[in-house]
$ cat work08.pdb   # PDB, N, CA and C atoms
ATOM      1  N   MET A   1     -25.450  97.532 -80.985
ATOM      2  CA  MET A   1     -24.834  96.289 -81.430
ATOM      3  C   MET A   1     -23.843  95.819 -80.365
ATOM      4  N   ASP A   2     -23.912  94.551 -80.011
ATOM      5  CA  ASP A   2     -22.931  94.033 -79.066
ATOM      6  C   ASP A   2     -21.727  93.454 -79.814
ATOM      7  N   THR A   3     -20.746  92.969 -79.097
ATOM      8  CA  THR A   3     -19.512  92.487 -79.738
ATOM      9  C   THR A   3     -19.767  91.285 -80.636
ATOM     10  N   ARG A   4     -20.730  90.453 -80.294
ATOM     11  CA  ARG A   4     -21.043  89.307 -81.162
ATOM     12  C   ARG A   4     -21.616  89.766 -82.484
ATOM     13  N   ASP A   5     -22.437  90.802 -82.466
ATOM     14  CA  ASP A   5     -22.974  91.341 -83.719
ATOM     15  C   ASP A   5     -21.849  91.892 -84.582
ATOM     16  N   GLU A   6     -20.925  92.585 -83.972
ATOM     17  CA  GLU A   6     -19.796  93.139 -84.720
ATOM     18  C   GLU A   6     -18.966  92.015 -85.344
ATOM     19  N   GLU A   7     -18.764  90.946 -84.610
ATOM     20  CA  GLU A   7     -18.017  89.799 -85.141
ATOM     21  C   GLU A   7     -18.751  89.169 -86.319
ATOM     22  N   ARG A   8     -20.052  89.003 -86.191
ATOM     23  CA  ARG A   8     -20.848  88.412 -87.277
ATOM     24  C   ARG A   8     -20.882  89.328 -88.497
ATOM     25  N   ARG A   9     -20.884  90.645 -88.267
ATOM     26  CA  ARG A   9     -20.828  91.578 -89.379
ATOM     27  C   ARG A   9     -19.514  91.416 -90.134
ATOM     28  N   ARG A  10     -18.423  91.219 -89.406
ATOM     29  CA  ARG A  10     -17.120  91.003 -90.056
ATOM     30  C   ARG A  10     -17.105  89.683 -90.820
ATOM     31  N   VAL A  11     -17.752  88.659 -90.284
ATOM     32  CA  VAL A  11     -17.858  87.384 -90.998
ATOM     33  C   VAL A  11     -18.622  87.586 -92.304
ATOM     34  N   ALA A  12     -19.710  88.334 -92.250
ATOM     35  CA  ALA A  12     -20.492  88.625 -93.464
ATOM     36  C   ALA A  12     -19.631  89.366 -94.486
ATOM     37  N   GLU A  13     -18.847  90.334 -94.034
ATOM     38  CA  GLU A  13     -17.958  91.063 -94.942
ATOM     39  C   GLU A  13     -16.933  90.125 -95.578
ATOM     40  N   HIS A  14     -16.426  89.186 -94.795
ATOM     41  CA  HIS A  14     -15.434  88.247 -95.315
ATOM     42  C   HIS A  14     -16.045  87.337 -96.382
ATOM     43  N   ILE A  15     -17.250  86.846 -96.129
ATOM     44  CA  ILE A  15     -17.919  85.998 -97.120
ATOM     45  C   ILE A  15     -18.152  86.791 -98.400
ATOM     46  N   GLU A  16     -18.600  88.033 -98.266
ATOM     47  CA  GLU A  16     -18.812  88.874 -99.442
ATOM     48  C   GLU A  16     -17.502  89.065-100.204
ATOM     49  N   TRP A  17     -16.406  89.292 -99.492
ATOM     50  CA  TRP A  17     -15.098  89.452-100.122
ATOM     51  C   TRP A  17     -14.695  88.166-100.852
ATOM     52  N   GLN A  18     -14.932  87.000-100.222
ATOM     53  CA  GLN A  18     -14.602  85.724-100.856
ATOM     54  C   GLN A  18     -15.360  85.527-102.152
ATOM     55  N   LYS A  19     -16.578  86.003-102.197
ATOM     56  CA  LYS A  19     -17.431  85.812-103.372
ATOM     57  C   LYS A  19     -17.166  86.834-104.476
ATOM     58  N   GLN A  20     -16.226  87.725-104.283
ATOM     59  CA  GLN A  20     -15.707  88.634-105.313
ATOM     60  C   GLN A  20     -16.797  89.424-106.042
ATOM     61  N   GLY A  21     -17.699  90.010-105.290
ATOM     62  CA  GLY A  21     -18.713  90.868-105.898
ATOM     63  C   GLY A  21     -19.933  90.162-106.445
ATOM     64  N   ALA A  22     -20.001  88.848-106.310
ATOM     65  CA  ALA A  22     -21.153  88.106-106.822
ATOM     66  C   ALA A  22     -22.351  88.178-105.876
ATOM     67  N   TRP A  23     -22.099  88.489-104.619
ATOM     68  CA  TRP A  23     -23.145  88.555-103.596
ATOM     69  C   TRP A  23     -22.916  89.757-102.694
ATOM     70  N   VAL A  24     -24.009  90.322-102.187
ATOM     71  CA  VAL A  24     -23.947  91.264-101.075
ATOM     72  C   VAL A  24     -24.359  90.452 -99.854
ATOM     73  N   VAL A  25     -23.529  90.445 -98.817
ATOM     74  CA  VAL A  25     -23.787  89.627 -97.635
ATOM     75  C   VAL A  25     -23.865  90.532 -96.412
ATOM     76  N   LEU A  26     -24.909  90.341 -95.618
ATOM     77  CA  LEU A  26     -25.155  91.166 -94.439
ATOM     78  C   LEU A  26     -25.455  90.309 -93.228
ATOM     79  N   TRP A  27     -25.186  90.862 -92.052
ATOM     80  CA  TRP A  27     -25.657  90.265 -90.799
ATOM     81  C   TRP A  27     -26.861  91.077 -90.360
ATOM     82  N   GLY A  28     -27.989  90.414 -90.146
ATOM     83  CA  GLY A  28     -29.208  91.087 -89.706
ATOM     84  C   GLY A  28     -29.292  91.118 -88.190
ATOM     85  N   VAL A  29     -29.058  92.270 -87.607
ATOM     86  CA  VAL A  29     -29.070  92.401 -86.149
ATOM     87  C   VAL A  29     -30.443  92.057 -85.594
ATOM     88  N   TYR A  30     -31.487  92.494 -86.246
ATOM     89  CA  TYR A  30     -32.844  92.220 -85.779
ATOM     90  C   TYR A  30     -33.248  90.763 -86.032
ATOM     91  N   THR A  31     -32.953  90.258 -87.223
ATOM     92  CA  THR A  31     -33.375  88.901 -87.584
ATOM     93  C   THR A  31     -32.461  87.827 -87.020
ATOM     94  N   ARG A  32     -31.225  88.230 -86.633
ATOM     95  CA  ARG A  32     -30.230  87.294 -86.107
ATOM     96  C   ARG A  32     -29.860  86.237 -87.151
ATOM     97  N   ARG A  33     -29.808  86.667 -88.407
ATOM     98  CA  ARG A  33     -29.497  85.778 -89.517
ATOM     99  C   ARG A  33     -28.526  86.472 -90.459
ATOM    100  N   PHE A  34     -27.793  85.651 -91.205
ATOM    101  CA  PHE A  34     -26.982  86.155 -92.308
ATOM    102  C   PHE A  34     -27.869  86.190 -93.543
ATOM    103  N   TRP A  35     -27.713  87.241 -94.366
ATOM    104  CA  TRP A  35     -28.491  87.411 -95.578
ATOM    105  C   TRP A  35     -27.546  87.593 -96.756
ATOM    106  N   ALA A  36     -27.883  86.989 -97.891
ATOM    107  CA  ALA A  36     -27.074  87.125 -99.101
ATOM    108  C   ALA A  36     -27.992  87.443-100.279
ATOM    109  N   TYR A  37     -27.587  88.449-101.050
ATOM    110  CA  TYR A  37     -28.339  88.912-102.218
ATOM    111  C   TYR A  37     -27.447  88.754-103.442
ATOM    112  N   ALA A  38     -27.912  88.008-104.422
ATOM    113  CA  ALA A  38     -27.117  87.789-105.638
ATOM    114  C   ALA A  38     -26.972  89.091-106.423
ATOM    115  N   CYS A  39     -25.774  89.319-106.929
ATOM    116  CA  CYS A  39     -25.473  90.516-107.745
ATOM    117  C   CYS A  39     -24.874  90.098-109.072
ATOM    118  N   TRP A  40     -25.378  89.032-109.647
ATOM    119  CA  TRP A  40     -24.840  88.521-110.901
ATOM    120  C   TRP A  40     -25.291  89.402-112.051
ATOM    121  N   PRO A  41     -24.562  89.383-113.142
ATOM    122  CA  PRO A  41     -24.986  90.144-114.314
ATOM    123  C   PRO A  41     -26.358  89.694-114.838
ATOM    124  N   VAL A  42     -26.641  88.423-114.736
ATOM    125  CA  VAL A  42     -27.931  87.891-115.170
ATOM    126  C   VAL A  42     -28.549  87.188-113.965
ATOM    127  N   ILE A  43     -29.442  87.889-113.300
ATOM    128  CA  ILE A  43     -30.089  87.354-112.099
ATOM    129  C   ILE A  43     -31.420  86.738-112.513
ATOM    130  N   PRO A  44     -31.786  85.598-111.922
ATOM    131  CA  PRO A  44     -33.107  85.027-112.218
ATOM    132  C   PRO A  44     -34.207  86.066-112.007
ATOM    133  N   ARG A  45     -35.274  85.919-112.725
ATOM    134  CA  ARG A  45     -36.353  86.904-112.762
ATOM    135  C   ARG A  45     -36.823  87.370-111.381
ATOM    136  N   ASP A  46     -36.981  86.462-110.452
ATOM    137  CA  ASP A  46     -37.473  86.818-109.127
ATOM    138  C   ASP A  46     -36.349  87.192-108.160
ATOM    139  N   GLY A  47     -35.123  87.259-108.656
ATOM    140  CA  GLY A  47     -33.988  87.580-107.800
ATOM    141  C   GLY A  47     -33.572  86.379-106.962
ATOM    142  N   VAL A  48     -32.482  86.536-106.254
ATOM    143  CA  VAL A  48     -32.003  85.467-105.382
ATOM    144  C   VAL A  48     -31.627  86.090-104.050
ATOM    145  N   VAL A  49     -32.364  85.721-103.012
ATOM    146  CA  VAL A  49     -32.081  86.164-101.655
ATOM    147  C   VAL A  49     -32.126  84.923-100.777
ATOM    148  N   ILE A  50     -31.063  84.710-100.009
ATOM    149  CA  ILE A  50     -31.048  83.559 -99.116
ATOM    150  C   ILE A  50     -30.617  84.009 -97.730
ATOM    151  N   SER A  51     -30.948  83.210 -96.734
ATOM    152  CA  SER A  51     -30.536  83.530 -95.372
ATOM    153  C   SER A  51     -30.248  82.243 -94.615
ATOM    154  N   ALA A  52     -29.463  82.394 -93.559
ATOM    155  CA  ALA A  52     -29.140  81.254 -92.704
ATOM    156  C   ALA A  52     -28.724  81.775 -91.331
ATOM    157  N   GLU A  53     -28.847  80.928 -90.346
ATOM    158  CA  GLU A  53     -28.494  81.325 -88.984
ATOM    159  C   GLU A  53     -26.998  81.325 -88.740
ATOM    160  N   ASP A  54     -26.242  80.568 -89.544
ATOM    161  CA  ASP A  54     -24.795  80.550 -89.352
ATOM    162  C   ASP A  54     -24.093  80.665 -90.710
ATOM    163  N   PRO A  55     -22.856  81.123 -90.699
ATOM    164  CA  PRO A  55     -22.158  81.374 -91.959
ATOM    165  C   PRO A  55     -21.894  80.122 -92.780
ATOM    166  N   HIS A  56     -21.711  78.984 -92.139
ATOM    167  CA  HIS A  56     -21.440  77.750 -92.879
ATOM    168  C   HIS A  56     -22.641  77.337 -93.717
ATOM    169  N   HIS A  57     -23.835  77.407 -93.120
ATOM    170  CA  HIS A  57     -25.040  77.071 -93.878
ATOM    171  C   HIS A  57     -25.292  78.098 -94.976
ATOM    172  N   LEU A  58     -25.028  79.359 -94.700
ATOM    173  CA  LEU A  58     -25.210  80.382 -95.724
ATOM    174  C   LEU A  58     -24.310  80.109 -96.919
ATOM    175  N   TYR A  59     -23.032  79.874 -96.660
ATOM    176  CA  TYR A  59     -22.067  79.645 -97.735
ATOM    177  C   TYR A  59     -22.453  78.409 -98.556
ATOM    178  N   THR A  60     -22.859  77.344 -97.871
ATOM    179  CA  THR A  60     -23.286  76.118 -98.554
ATOM    180  C   THR A  60     -24.488  76.388 -99.449
ATOM    181  N   HIS A  61     -25.455  77.120 -98.929
ATOM    182  CA  HIS A  61     -26.657  77.417 -99.709
ATOM    183  C   HIS A  61     -26.328  78.336-100.895
ATOM    184  N   MET A  62     -25.403  79.262-100.692
ATOM    185  CA  MET A  62     -24.994  80.136-101.793
ATOM    186  C   MET A  62     -24.407  79.306-102.932
ATOM    187  N   ARG A  63     -23.548  78.341-102.614
ATOM    188  CA  ARG A  63     -22.957  77.481-103.642
ATOM    189  C   ARG A  63     -24.034  76.662-104.362
ATOM    190  N   GLN A  64     -24.996  76.142-103.610
ATOM    191  CA  GLN A  64     -26.082  75.372-104.222
ATOM    192  C   GLN A  64     -26.870  76.231-105.205
ATOM    193  N   VAL A  65     -27.187  77.453-104.801
ATOM    194  CA  VAL A  65     -27.956  78.357-105.661
ATOM    195  C   VAL A  65     -27.143  78.736-106.897
ATOM    196  N   GLU A  66     -25.834  78.956-106.727
ATOM    197  CA  GLU A  66     -24.982  79.263-107.883
ATOM    198  C   GLU A  66     -25.008  78.119-108.890
ATOM    199  N   ARG A  67     -24.933  76.884-108.399
ATOM    200  CA  ARG A  67     -24.974  75.729-109.309
ATOM    201  C   ARG A  67     -26.348  75.606-109.973
ATOM    202  N   GLU A  68     -27.384  75.770-109.185
ATOM    203  CA  GLU A  68     -28.759  75.633-109.675
ATOM    204  C   GLU A  68     -29.058  76.599-110.817
ATOM    205  N   HIS A  69     -28.527  77.815-110.745
ATOM    206  CA  HIS A  69     -28.820  78.834-111.748
ATOM    207  C   HIS A  69     -27.715  78.992-112.787
ATOM    208  N   GLY A  70     -26.727  78.100-112.761
ATOM    209  CA  GLY A  70     -25.681  78.116-113.771
ATOM    210  C   GLY A  70     -24.688  79.258-113.643
ATOM    211  N   TYR A  71     -24.640  79.892-112.477
ATOM    212  CA  TYR A  71     -23.738  81.024-112.308
ATOM    213  C   TYR A  71     -22.279  80.610-112.444
ATOM    214  N   LEU A  72     -21.895  79.495-111.860
ATOM    215  CA  LEU A  72     -20.493  79.071-111.908
ATOM    216  C   LEU A  72     -20.059  78.793-113.341
ATOM    217  N   ARG A  73     -20.937  78.210-114.133
ATOM    218  CA  ARG A  73     -20.634  77.950-115.537
ATOM    219  C   ARG A  73     -20.445  79.271-116.285
ATOM    220  N   TRP A  74     -21.299  80.258-115.974
ATOM    221  CA  TRP A  74     -21.176  81.564-116.615
ATOM    222  C   TRP A  74     -19.868  82.241-116.202
ATOM    223  N   ARG A  75     -19.542  82.207-114.921
ATOM    224  CA  ARG A  75     -18.373  82.924-114.427
ATOM    225  C   ARG A  75     -17.063  82.295-114.853
ATOM    226  N   TYR A  76     -16.995  80.976-114.785
ATOM    227  CA  TYR A  76     -15.728  80.299-115.040
ATOM    228  C   TYR A  76     -15.664  79.579-116.381
ATOM    229  N   GLY A  77     -16.774  79.550-117.090
ATOM    230  CA  GLY A  77     -16.809  78.858-118.370
ATOM    231  C   GLY A  77     -16.924  77.353-118.190
ATOM    232  N   ARG A  78     -17.086  76.660-119.265
ATOM    233  CA  ARG A  78     -17.183  75.183-119.220
ATOM    234  C   ARG A  78     -15.838  74.580-119.047
ATOM    235  N   ARG A  79     -15.754  73.574-118.198
ATOM    236  CA  ARG A  79     -14.483  72.881-117.963
ATOM    237  C   ARG A  79     -14.666  71.410-118.115
TER     238      ARG A  79
END
$ encode --input "work08.pdb" --output "structure tokens"
Amino acid sequence: MDTRDEERRRVAEHIEWQKQGAWVVLWGVYTRRFWAYACWPVIPRDGVVISAEDPHHLYTHMRQVEREHGYLRWRYGRR
């Protein structure tokens, strides 16, 4: 692993920390992509796995998927 991989791994750890256990987030050294796996109490039947080349797109896609599957409503309740 080079220094850029180590930096991206730390970014993945930070995103996972921000999401408070709702996602497992990894940097794929071979694929050169960020990967996120949903860890919700009620996961859609086929699971939720997303990837992106940069952390901003990953985070955006994670939020979209959370809204699409009603995760935010489950976690925070109706407002």
$ closest_residue --input "work08.pdb" --among "A:Glu7, A:Asp2, A:Asp54, A:Glu68" --to "A:Arg33" --atoms "only N, CA and C atoms"
A:Asp54
$ closest_residue --input "work08.pdb" --among "A:Thr31, A:Val25, A:Pro44, A:Asp5" --to "A:His69" --atoms "all atoms listed in the file"
A:Pro44
$ select_by_dssp --input "work08.pdb" --residues "stretch 17-50 of chain A" --states "strand (DSSP E)" --output "NGL selection string"
:A and (23-28 or 33-38 or 49-50)
$ atom_distance --input "work08.pdb" --atom1 "atom CA of A:Val42" --atom2 "atom CA of A:Arg8"
28.8 Å
$ select_by_dssp --input "work08.pdb" --residues "chain A" --states "alpha helix (DSSP H)" --output "count of residues only"
36
